[in-house]
$ cat protein-v8.cif   # mmCIF, N, CA and C atoms and all ligand atoms
data_structure
#
loop_
_atom_site.group_PDB
_atom_site.id
_atom_site.type_symbol
_atom_site.label_atom_id
_atom_site.label_comp_id
_atom_site.auth_asym_id
_atom_site.auth_seq_id
_atom_site.Cartn_x
_atom_site.Cartn_y
_atom_site.Cartn_z
ATOM 1 N N MET M 265 -221.643 -63.146 174.744
ATOM 2 C CA MET M 265 -222.972 -63.141 174.144
ATOM 3 C C MET M 265 -223.938 -62.323 175.003
ATOM 4 N N SER M 266 -224.755 -61.531 174.353
ATOM 5 C CA SER M 266 -225.700 -60.691 175.107
ATOM 6 C C SER M 266 -226.987 -61.442 175.387
ATOM 7 N N GLU M 267 -227.616 -61.072 176.494
ATOM 8 C CA GLU M 267 -228.958 -61.589 176.790
ATOM 9 C C GLU M 267 -229.788 -60.433 177.336
ATOM 10 N N TRP M 268 -230.371 -59.674 176.403
ATOM 11 C CA TRP M 268 -231.142 -58.499 176.809
ATOM 12 C C TRP M 268 -232.499 -58.929 177.353
ATOM 13 N N VAL M 269 -232.840 -58.374 178.508
ATOM 14 C CA VAL M 269 -234.097 -58.701 179.166
ATOM 15 C C VAL M 269 -234.876 -57.410 179.411
ATOM 16 N N ASP M 270 -236.161 -57.458 179.108
ATOM 17 C CA ASP M 270 -237.051 -56.326 179.356
ATOM 18 C C ASP M 270 -237.314 -56.263 180.862
ATOM 19 N N ALA M 271 -236.769 -55.234 181.521
ATOM 20 C CA ALA M 271 -236.814 -55.197 182.983
ATOM 21 C C ALA M 271 -238.000 -54.409 183.530
ATOM 22 N N CYS M 272 -238.315 -53.297 182.892
ATOM 23 C CA CYS M 272 -239.397 -52.450 183.419
ATOM 24 C C CYS M 272 -239.691 -51.339 182.432
ATOM 25 N N ALA M 273 -240.727 -50.575 182.742
ATOM 26 C CA ALA M 273 -241.013 -49.376 181.959
ATOM 27 C C ALA M 273 -240.168 -48.231 182.498
ATOM 28 N N VAL M 274 -239.833 -47.303 181.634
ATOM 29 C CA VAL M 274 -239.075 -46.126 182.052
ATOM 30 C C VAL M 274 -239.745 -45.467 183.260
ATOM 31 N N ASP M 275 -241.053 -45.360 183.226
ATOM 32 C CA ASP M 275 -241.770 -44.659 184.287
ATOM 33 C C ASP M 275 -241.897 -45.462 185.580
ATOM 34 N N ASP M 276 -241.462 -46.704 185.564
ATOM 35 C CA ASP M 276 -241.492 -47.494 186.801
ATOM 36 C C ASP M 276 -240.430 -47.027 187.793
ATOM 37 N N VAL M 277 -239.414 -46.318 187.280
ATOM 38 C CA VAL M 277 -238.315 -45.880 188.142
ATOM 39 C C VAL M 277 -238.345 -44.365 188.226
ATOM 40 N N GLU M 278 -238.462 -43.853 189.418
ATOM 41 C CA GLU M 278 -238.457 -42.399 189.551
ATOM 42 C C GLU M 278 -237.040 -41.882 189.465
ATOM 43 N N GLU M 279 -236.932 -40.614 189.105
ATOM 44 C CA GLU M 279 -235.623 -39.994 189.023
ATOM 45 C C GLU M 279 -234.937 -40.050 190.379
ATOM 46 N N GLU M 280 -233.634 -40.340 190.377
ATOM 47 C CA GLU M 280 -232.840 -40.477 191.605
ATOM 48 C C GLU M 280 -233.417 -41.551 192.513
ATOM 49 N N ASP M 281 -233.808 -42.662 191.896
ATOM 50 C CA ASP M 281 -234.334 -43.774 192.684
ATOM 51 C C ASP M 281 -233.938 -45.080 192.002
ATOM 52 N N LEU M 282 -234.354 -46.184 192.590
ATOM 53 C CA LEU M 282 -234.058 -47.484 192.005
ATOM 54 C C LEU M 282 -235.197 -48.443 192.295
ATOM 55 N N ILE M 283 -235.242 -49.528 191.527
ATOM 56 C CA ILE M 283 -236.192 -50.603 191.808
ATOM 57 C C ILE M 283 -235.446 -51.941 191.776
ATOM 58 N N ARG M 284 -236.068 -52.897 192.401
ATOM 59 C CA ARG M 284 -235.549 -54.263 192.372
ATOM 60 C C ARG M 284 -236.135 -54.977 191.164
ATOM 61 N N PHE M 285 -235.306 -55.821 190.522
ATOM 62 C CA PHE M 285 -235.772 -56.611 189.382
ATOM 63 C C PHE M 285 -235.213 -58.018 189.533
ATOM 64 N N ASP M 286 -236.108 -58.990 189.588
ATOM 65 C CA ASP M 286 -235.684 -60.390 189.734
ATOM 66 C C ASP M 286 -235.824 -61.108 188.415
ATOM 67 N N TYR M 287 -234.791 -61.845 188.058
ATOM 68 C CA TYR M 287 -234.838 -62.580 186.799
ATOM 69 C C TYR M 287 -233.979 -63.833 186.921
ATOM 70 N N ASP M 288 -234.549 -64.972 186.572
ATOM 71 C CA ASP M 288 -233.794 -66.222 186.507
ATOM 72 C C ASP M 288 -233.047 -66.508 187.820
ATOM 73 N N GLY M 289 -233.730 -66.250 188.931
ATOM 74 C CA GLY M 289 -233.136 -66.562 190.228
ATOM 75 C C GLY M 289 -232.133 -65.545 190.728
ATOM 76 N N LYS M 290 -231.953 -64.456 189.972
ATOM 77 C CA LYS M 290 -231.011 -63.423 190.401
ATOM 78 C C LYS M 290 -231.751 -62.120 190.664
ATOM 79 N N THR M 291 -231.184 -61.315 191.544
ATOM 80 C CA THR M 291 -231.780 -60.020 191.844
ATOM 81 C C THR M 291 -230.882 -58.903 191.318
ATOM 82 N N PHE M 292 -231.503 -57.995 190.581
ATOM 83 C CA PHE M 292 -230.800 -56.842 190.018
ATOM 84 C C PHE M 292 -231.394 -55.566 190.616
ATOM 85 N N ALA M 293 -230.683 -54.484 190.425
ATOM 86 C CA ALA M 293 -231.207 -53.170 190.794
ATOM 87 C C ALA M 293 -231.108 -52.273 189.569
ATOM 88 N N ILE M 294 -232.190 -51.536 189.292
ATOM 89 C CA ILE M 294 -232.229 -50.637 188.143
ATOM 90 C C ILE M 294 -232.361 -49.206 188.668
ATOM 91 N N TYR M 295 -231.504 -48.328 188.215
ATOM 92 C CA TYR M 295 -231.425 -46.961 188.729
ATOM 93 C C TYR M 295 -231.765 -45.963 187.632
ATOM 94 N N ARG M 296 -232.362 -44.862 188.069
ATOM 95 C CA ARG M 296 -232.572 -43.734 187.164
ATOM 96 C C ARG M 296 -231.839 -42.543 187.762
ATOM 97 N N SER M 297 -230.897 -42.014 187.021
ATOM 98 C CA SER M 297 -230.018 -40.970 187.566
ATOM 99 C C SER M 297 -230.677 -39.595 187.496
ATOM 100 N N PRO M 298 -230.072 -38.606 188.166
ATOM 101 C CA PRO M 298 -230.588 -37.233 188.071
ATOM 102 C C PRO M 298 -230.552 -36.722 186.628
ATOM 103 N N ASP M 299 -229.679 -37.291 185.785
ATOM 104 C CA ASP M 299 -229.613 -36.892 184.367
ATOM 105 C C ASP M 299 -230.545 -37.712 183.497
ATOM 106 N N ASP M 300 -231.389 -38.539 184.137
ATOM 107 C CA ASP M 300 -232.353 -39.343 183.399
ATOM 108 C C ASP M 300 -231.696 -40.473 182.602
ATOM 109 N N ASP M 301 -230.549 -40.926 183.056
ATOM 110 C CA ASP M 301 -229.934 -42.120 182.471
ATOM 111 C C ASP M 301 -230.262 -43.312 183.361
ATOM 112 N N PHE M 302 -230.219 -44.487 182.747
ATOM 113 C CA PHE M 302 -230.523 -45.710 183.493
ATOM 114 C C PHE M 302 -229.269 -46.556 183.662
ATOM 115 N N PHE M 303 -229.185 -47.224 184.811
ATOM 116 C CA PHE M 303 -228.049 -48.084 185.136
ATOM 117 C C PHE M 303 -228.576 -49.340 185.816
ATOM 118 N N ALA M 304 -227.766 -50.396 185.772
ATOM 119 C CA ALA M 304 -228.164 -51.639 186.440
ATOM 120 C C ALA M 304 -226.961 -52.246 187.145
ATOM 121 N N THR M 305 -227.220 -52.772 188.338
ATOM 122 C CA THR M 305 -226.194 -53.492 189.101
ATOM 123 C C THR M 305 -226.825 -54.740 189.699
ATOM 124 N N ASP M 306 -225.964 -55.562 190.316
ATOM 125 C CA ASP M 306 -226.519 -56.619 191.159
ATOM 126 C C ASP M 306 -227.389 -55.962 192.223
ATOM 127 N N GLY M 307 -228.443 -56.674 192.624
ATOM 128 C CA GLY M 307 -229.398 -56.070 193.546
ATOM 129 C C GLY M 307 -229.123 -56.363 195.000
ATOM 130 N N ILE M 308 -228.061 -57.135 195.256
ATOM 131 C CA ILE M 308 -227.746 -57.519 196.634
ATOM 132 C C ILE M 308 -226.357 -56.989 196.982
ATOM 133 N N CYS M 309 -226.251 -56.425 198.158
ATOM 134 C CA CYS M 309 -224.996 -55.841 198.625
ATOM 135 C C CYS M 309 -223.872 -56.882 198.607
ATOM 136 N N THR M 310 -222.641 -56.426 198.408
ATOM 137 C CA THR M 310 -221.493 -57.353 198.409
ATOM 138 C C THR M 310 -220.958 -57.583 199.822
ATOM 139 N N HIS M 311 -221.534 -56.920 200.799
ATOM 140 C CA HIS M 311 -221.048 -57.062 202.180
ATOM 141 C C HIS M 311 -221.770 -58.211 202.871
ATOM 142 N N GLU M 312 -223.073 -58.026 203.134
ATOM 143 C CA GLU M 312 -223.896 -59.123 203.624
ATOM 144 C C GLU M 312 -225.138 -59.159 202.761
ATOM 145 N N HIS M 313 -226.137 -59.935 203.197
ATOM 146 C CA HIS M 313 -227.325 -60.066 202.354
ATOM 147 C C HIS M 313 -228.313 -58.943 202.649
ATOM 148 N N ALA M 314 -228.344 -57.964 201.761
ATOM 149 C CA ALA M 314 -229.314 -56.873 201.893
ATOM 150 C C ALA M 314 -229.715 -56.457 200.487
ATOM 151 N N PHE M 315 -230.995 -56.168 200.329
ATOM 152 C CA PHE M 315 -231.482 -55.738 199.017
ATOM 153 C C PHE M 315 -231.262 -54.236 198.851
ATOM 154 N N LEU M 316 -230.506 -53.894 197.834
ATOM 155 C CA LEU M 316 -230.161 -52.482 197.640
ATOM 156 C C LEU M 316 -231.385 -51.631 197.310
ATOM 157 N N ALA M 317 -232.421 -52.273 196.772
ATOM 158 C CA ALA M 317 -233.638 -51.508 196.456
ATOM 159 C C ALA M 317 -234.289 -50.944 197.712
ATOM 160 N N ASP M 318 -233.911 -51.477 198.883
ATOM 161 C CA ASP M 318 -234.421 -50.927 200.139
ATOM 162 C C ASP M 318 -233.546 -49.780 200.640
ATOM 163 N N GLY M 319 -232.482 -49.497 199.902
ATOM 164 C CA GLY M 319 -231.564 -48.432 200.318
ATOM 165 C C GLY M 319 -231.945 -47.088 199.721
ATOM 166 N N LEU M 320 -231.026 -46.157 199.879
ATOM 167 C CA LEU M 320 -231.279 -44.782 199.457
ATOM 168 C C LEU M 320 -230.313 -44.378 198.360
ATOM 169 N N VAL M 321 -230.828 -43.633 197.384
ATOM 170 C CA VAL M 321 -229.973 -43.094 196.320
ATOM 171 C C VAL M 321 -229.741 -41.613 196.581
ATOM 172 N N MET M 322 -228.479 -41.213 196.450
ATOM 173 C CA MET M 322 -228.133 -39.789 196.479
ATOM 174 C C MET M 322 -227.206 -39.547 195.300
ATOM 175 N N ASP M 323 -227.632 -38.728 194.367
ATOM 176 C CA ASP M 323 -226.886 -38.523 193.122
ATOM 177 C C ASP M 323 -226.590 -39.873 192.476
ATOM 178 N N TYR M 324 -225.281 -40.243 192.440
ATOM 179 C CA TYR M 324 -224.899 -41.496 191.766
ATOM 180 C C TYR M 324 -224.495 -42.577 192.768
ATOM 181 N N ILE M 325 -224.906 -42.388 194.005
ATOM 182 C CA ILE M 325 -224.520 -43.319 195.070
ATOM 183 C C ILE M 325 -225.752 -44.073 195.559
ATOM 184 N N ILE M 326 -225.590 -45.388 195.707
ATOM 185 C CA ILE M 326 -226.612 -46.174 196.399
ATOM 186 C C ILE M 326 -226.057 -46.526 197.771
ATOM 187 N N GLU M 327 -226.871 -46.259 198.780
ATOM 188 C CA GLU M 327 -226.453 -46.563 200.149
ATOM 189 C C GLU M 327 -227.230 -47.776 200.626
ATOM 190 N N CYS M 328 -226.495 -48.805 201.022
ATOM 191 C CA CYS M 328 -227.110 -50.050 201.475
ATOM 192 C C CYS M 328 -227.928 -49.803 202.746
ATOM 193 N N PRO M 329 -229.109 -50.453 202.834
ATOM 194 C CA PRO M 329 -229.963 -50.216 203.998
ATOM 195 C C PRO M 329 -229.439 -50.868 205.276
ATOM 196 N N LYS M 330 -228.503 -51.820 205.145
ATOM 197 C CA LYS M 330 -228.141 -52.598 206.339
ATOM 198 C C LYS M 330 -227.048 -51.928 207.176
ATOM 199 N N HIS M 331 -225.896 -51.621 206.541
ATOM 200 C CA HIS M 331 -224.821 -50.970 207.309
ATOM 201 C C HIS M 331 -224.356 -49.689 206.624
ATOM 202 N N ASN M 332 -225.178 -49.174 205.741
ATOM 203 C CA ASN M 332 -224.886 -47.895 205.084
ATOM 204 C C ASN M 332 -223.636 -47.900 204.199
ATOM 205 N N GLY M 333 -223.248 -49.091 203.715
ATOM 206 C CA GLY M 333 -222.181 -49.151 202.718
ATOM 207 C C GLY M 333 -222.620 -48.421 201.458
ATOM 208 N N ARG M 334 -221.664 -47.815 200.758
ATOM 209 C CA ARG M 334 -222.018 -47.019 199.575
ATOM 210 C C ARG M 334 -221.286 -47.507 198.329
ATOM 211 N N PHE M 335 -222.011 -47.449 197.229
ATOM 212 C CA PHE M 335 -221.445 -47.800 195.920
ATOM 213 C C PHE M 335 -221.825 -46.718 194.915
ATOM 214 N N ASP M 336 -220.926 -46.486 193.957
ATOM 215 C CA ASP M 336 -221.274 -45.679 192.794
ATOM 216 C C ASP M 336 -221.994 -46.614 191.824
ATOM 217 N N TYR M 337 -223.266 -46.377 191.584
ATOM 218 C CA TYR M 337 -224.022 -47.356 190.787
ATOM 219 C C TYR M 337 -223.698 -47.289 189.298
ATOM 220 N N ARG M 338 -222.956 -46.245 188.859
ATOM 221 C CA ARG M 338 -222.554 -46.192 187.436
ATOM 222 C C ARG M 338 -221.441 -47.192 187.148
ATOM 223 N N THR M 339 -220.548 -47.366 188.127
ATOM 224 C CA THR M 339 -219.387 -48.234 187.923
ATOM 225 C C THR M 339 -219.414 -49.452 188.838
ATOM 226 N N GLY M 340 -220.254 -49.407 189.873
ATOM 227 C CA GLY M 340 -220.293 -50.473 190.866
ATOM 228 C C GLY M 340 -219.242 -50.315 191.952
ATOM 229 N N GLU M 341 -218.426 -49.249 191.847
ATOM 230 C CA GLU M 341 -217.295 -49.091 192.762
ATOM 231 C C GLU M 341 -217.736 -48.969 194.218
ATOM 232 N N ALA M 342 -217.136 -49.800 195.064
ATOM 233 C CA ALA M 342 -217.372 -49.721 196.505
ATOM 234 C C ALA M 342 -216.659 -48.483 197.034
ATOM 235 N N LYS M 343 -217.367 -47.685 197.836
ATOM 236 C CA LYS M 343 -216.812 -46.398 198.237
ATOM 237 C C LYS M 343 -216.221 -46.405 199.644
ATOM 238 N N GLY M 344 -215.948 -47.571 200.187
ATOM 239 C CA GLY M 344 -215.289 -47.598 201.498
ATOM 240 C C GLY M 344 -216.015 -48.469 202.499
ATOM 241 N N ALA M 345 -215.383 -48.665 203.659
ATOM 242 C CA ALA M 345 -215.905 -49.567 204.684
ATOM 243 C C ALA M 345 -217.358 -49.229 205.018
ATOM 244 N N PRO M 346 -218.176 -50.269 205.274
ATOM 245 C CA PRO M 346 -217.806 -51.689 205.361
ATOM 246 C C PRO M 346 -217.815 -52.417 204.018
ATOM 247 N N VAL M 347 -218.027 -51.739 202.906
ATOM 248 C CA VAL M 347 -218.036 -52.472 201.633
ATOM 249 C C VAL M 347 -216.683 -52.340 200.945
ATOM 250 N N CYS M 348 -216.114 -53.471 200.523
ATOM 251 C CA CYS M 348 -214.818 -53.415 199.848
ATOM 252 C C CYS M 348 -214.849 -54.154 198.519
ATOM 253 N N VAL M 349 -215.931 -54.861 198.226
ATOM 254 C CA VAL M 349 -216.052 -55.562 196.946
ATOM 255 C C VAL M 349 -217.031 -54.792 196.067
ATOM 256 N N ASP M 350 -216.591 -54.462 194.845
ATOM 257 C CA ASP M 350 -217.449 -53.694 193.937
ATOM 258 C C ASP M 350 -218.695 -54.490 193.556
ATOM 259 N N LEU M 351 -219.745 -53.758 193.213
ATOM 260 C CA LEU M 351 -220.965 -54.376 192.677
ATOM 261 C C LEU M 351 -220.757 -54.662 191.201
ATOM 262 N N LYS M 352 -221.312 -55.759 190.723
ATOM 263 C CA LYS M 352 -221.281 -56.028 189.290
ATOM 264 C C LYS M 352 -222.297 -55.107 188.606
ATOM 265 N N THR M 353 -221.905 -54.571 187.459
ATOM 266 C CA THR M 353 -222.821 -53.710 186.703
ATOM 267 C C THR M 353 -223.205 -54.407 185.399
ATOM 268 N N TYR M 354 -224.303 -53.961 184.812
ATOM 269 C CA TYR M 354 -224.827 -54.571 183.583
ATOM 270 C C TYR M 354 -225.165 -53.473 182.574
ATOM 271 N N PRO M 355 -224.935 -53.745 181.277
ATOM 272 C CA PRO M 355 -225.317 -52.778 180.247
ATOM 273 C C PRO M 355 -226.831 -52.565 180.236
ATOM 274 N N VAL M 356 -227.212 -51.340 179.937
ATOM 275 C CA VAL M 356 -228.627 -50.958 179.910
ATOM 276 C C VAL M 356 -228.921 -50.249 178.595
ATOM 277 N N LYS M 357 -230.102 -50.486 178.049
ATOM 278 C CA LYS M 357 -230.561 -49.670 176.919
ATOM 279 C C LYS M 357 -232.050 -49.391 177.099
ATOM 280 N N VAL M 358 -232.479 -48.266 176.539
ATOM 281 C CA VAL M 358 -233.885 -47.864 176.619
ATOM 282 C C VAL M 358 -234.448 -47.856 175.210
ATOM 283 N N GLU M 359 -235.552 -48.566 175.030
ATOM 284 C CA GLU M 359 -236.207 -48.625 173.718
ATOM 285 C C GLU M 359 -237.709 -48.589 173.905
ATOM 286 N N ASP M 360 -238.359 -47.668 173.199
ATOM 287 C CA ASP M 360 -239.825 -47.580 173.227
ATOM 288 C C ASP M 360 -240.377 -47.518 174.648
ATOM 289 N N GLY M 361 -239.719 -46.742 175.491
ATOM 290 C CA GLY M 361 -240.238 -46.558 176.844
ATOM 291 C C GLY M 361 -239.991 -47.728 177.778
ATOM 292 N N ARG M 362 -239.197 -48.698 177.328
ATOM 293 C CA ARG M 362 -238.866 -49.843 178.183
ATOM 294 C C ARG M 362 -237.364 -49.840 178.481
ATOM 295 N N VAL M 363 -237.016 -50.363 179.646
ATOM 296 C CA VAL M 363 -235.624 -50.459 180.062
ATOM 297 C C VAL M 363 -235.189 -51.919 179.939
ATOM 298 N N PHE M 364 -234.126 -52.142 179.177
ATOM 299 C CA PHE M 364 -233.590 -53.493 178.975
ATOM 300 C C PHE M 364 -232.217 -53.583 179.636
ATOM 301 N N ILE M 365 -231.927 -54.718 180.259
ATOM 302 C CA ILE M 365 -230.571 -54.923 180.757
ATOM 303 C C ILE M 365 -230.012 -56.211 180.172
ATOM 304 N N ASP M 366 -228.704 -56.167 179.984
ATOM 305 C CA ASP M 366 -228.009 -57.333 179.443
ATOM 306 C C ASP M 366 -227.519 -58.167 180.622
ATOM 307 N N VAL M 367 -228.239 -59.234 180.918
ATOM 308 C CA VAL M 367 -227.955 -60.027 182.118
ATOM 309 C C VAL M 367 -226.875 -61.086 181.888
ATOM 310 N N ALA M 368 -226.360 -61.159 180.669
ATOM 311 C CA ALA M 368 -225.380 -62.212 180.342
ATOM 312 C C ALA M 368 -224.071 -61.997 181.094
HETATM 313 FE FE1 LIG U 1 -224.642 -53.764 202.796
HETATM 314 FE FE2 LIG U 1 -223.495 -54.418 205.121
HETATM 315 S S1 LIG U 1 -224.966 -55.518 204.019
HETATM 316 S S2 LIG U 1 -223.227 -52.614 203.952
#
$ encode --input "protein-v8.cif" --output "structure tokens" --more "lines below"
Ligand code: FES
Amino acid sequence: MSEWVDACAVDDVEEEDLIRFDYDGKTFAIYRSPDDDFFATDGICTHEHAFLADGLVMDYIIECPKHNGRFDYRTGEAKGAPVCVDLKTYPVKVEDGRVFIDVA
């Protein structure tokens, strides 16, 4: 079952950047790619407790601010030590200038 949540405005996220989005006690990360597509993942690193929104985006990679672990934010794939557990990803849709994620 889907649970679409209005996360932010399209313009809240700059190109090649991300923002943190908290909902129902969980933290998500919303990304805007160089191609102007939007993606969503869990907002906390799978290695230790670090908010990915404090990290850096390069192309399709989010680099964790704590130990520089990297993930492909399109798939959540962990790209090597120290991160070995993939990030969970969430479906995203854009409607009327708003970004929705399916948090279910
Ligand atoms: Fe993210 Fe260690 S907490 S790489």
$ axis_aligned_box --input "protein-v8.cif" --around "ligand LIG 1 (chain U)" --padding-each-side "5 Å" --output "JSON"
{"center_x": -224.1, "center_y": -54.1, "center_z": 204.0, "size_x": 11.7, "size_y": 12.9, "size_z": 12.3}
$ residues_around --input "protein-v8.cif" --residues "M:Asp270" --least-positions-apart "4" --cutoff "7 Å" --atoms "only C-alpha atoms" --output "PyMOL selection string"
chain M and resi 362-365
$ write_last_selection --input "protein-v8.cif" --atoms "N, CA and C atoms" --output "PDB file, keeping the file's coordinate frame"
ATOM      1  N   ARG M 362    -239.197 -48.698 177.328  1.00  0.00           N
ATOM      2  CA  ARG M 362    -238.866 -49.843 178.183  1.00  0.00           C
ATOM      3  C   ARG M 362    -237.364 -49.840 178.481  1.00  0.00           C
ATOM      4  N   VAL M 363    -237.016 -50.363 179.646  1.00  0.00           N
ATOM      5  CA  VAL M 363    -235.624 -50.459 180.062  1.00  0.00           C
ATOM      6  C   VAL M 363    -235.189 -51.919 179.939  1.00  0.00           C
ATOM      7  N   PHE M 364    -234.126 -52.142 179.177  1.00  0.00           N
ATOM      8  CA  PHE M 364    -233.590 -53.493 178.975  1.00  0.00           C
ATOM      9  C   PHE M 364    -232.217 -53.583 179.636  1.00  0.00           C
ATOM     10  N   ILE M 365    -231.927 -54.718 180.259  1.00  0.00           N
ATOM     11  CA  ILE M 365    -230.571 -54.923 180.757  1.00  0.00           C
ATOM     12  C   ILE M 365    -230.012 -56.211 180.172  1.00  0.00           C
TER      13      ILE M 365
END
$ resolve_selection --input "protein-v8.cif" --expression "the PyMOL selection byres (((chain M and resi 325) around 6.5) and not hetatm)" --output "list in words"
Leu320, Val321, Met322, Asp323, Tyr324, Ile326, Glu327, Arg334, Phe335, Asp336 and Tyr337 of chain M
$ residues_near_ligand --input "protein-v8.cif" --ligand "ligand LIG 1 (chain U)" --cutoff "5 Å" --atoms "all atoms listed in the file" --output "PyMOL selection string"
chain M and resi 309+311-314+328+330-333
$ resolve_selection --input "protein-v8.cif" --expression "the PyMOL selection byres (((chain M and resi 350 and name CA) around 8) and not hetatm and name CA)" --output "list in words"
Thr310, Phe335, Gly340, Glu341, Ala342, Val347, Cys348, Val349, Leu351 and Lys352 of chain M
$ atom_distance --input "protein-v8.cif" --atom1 "atom N of M:Glu279" --atom2 "atom CA of M:Pro346"
27.4 Å
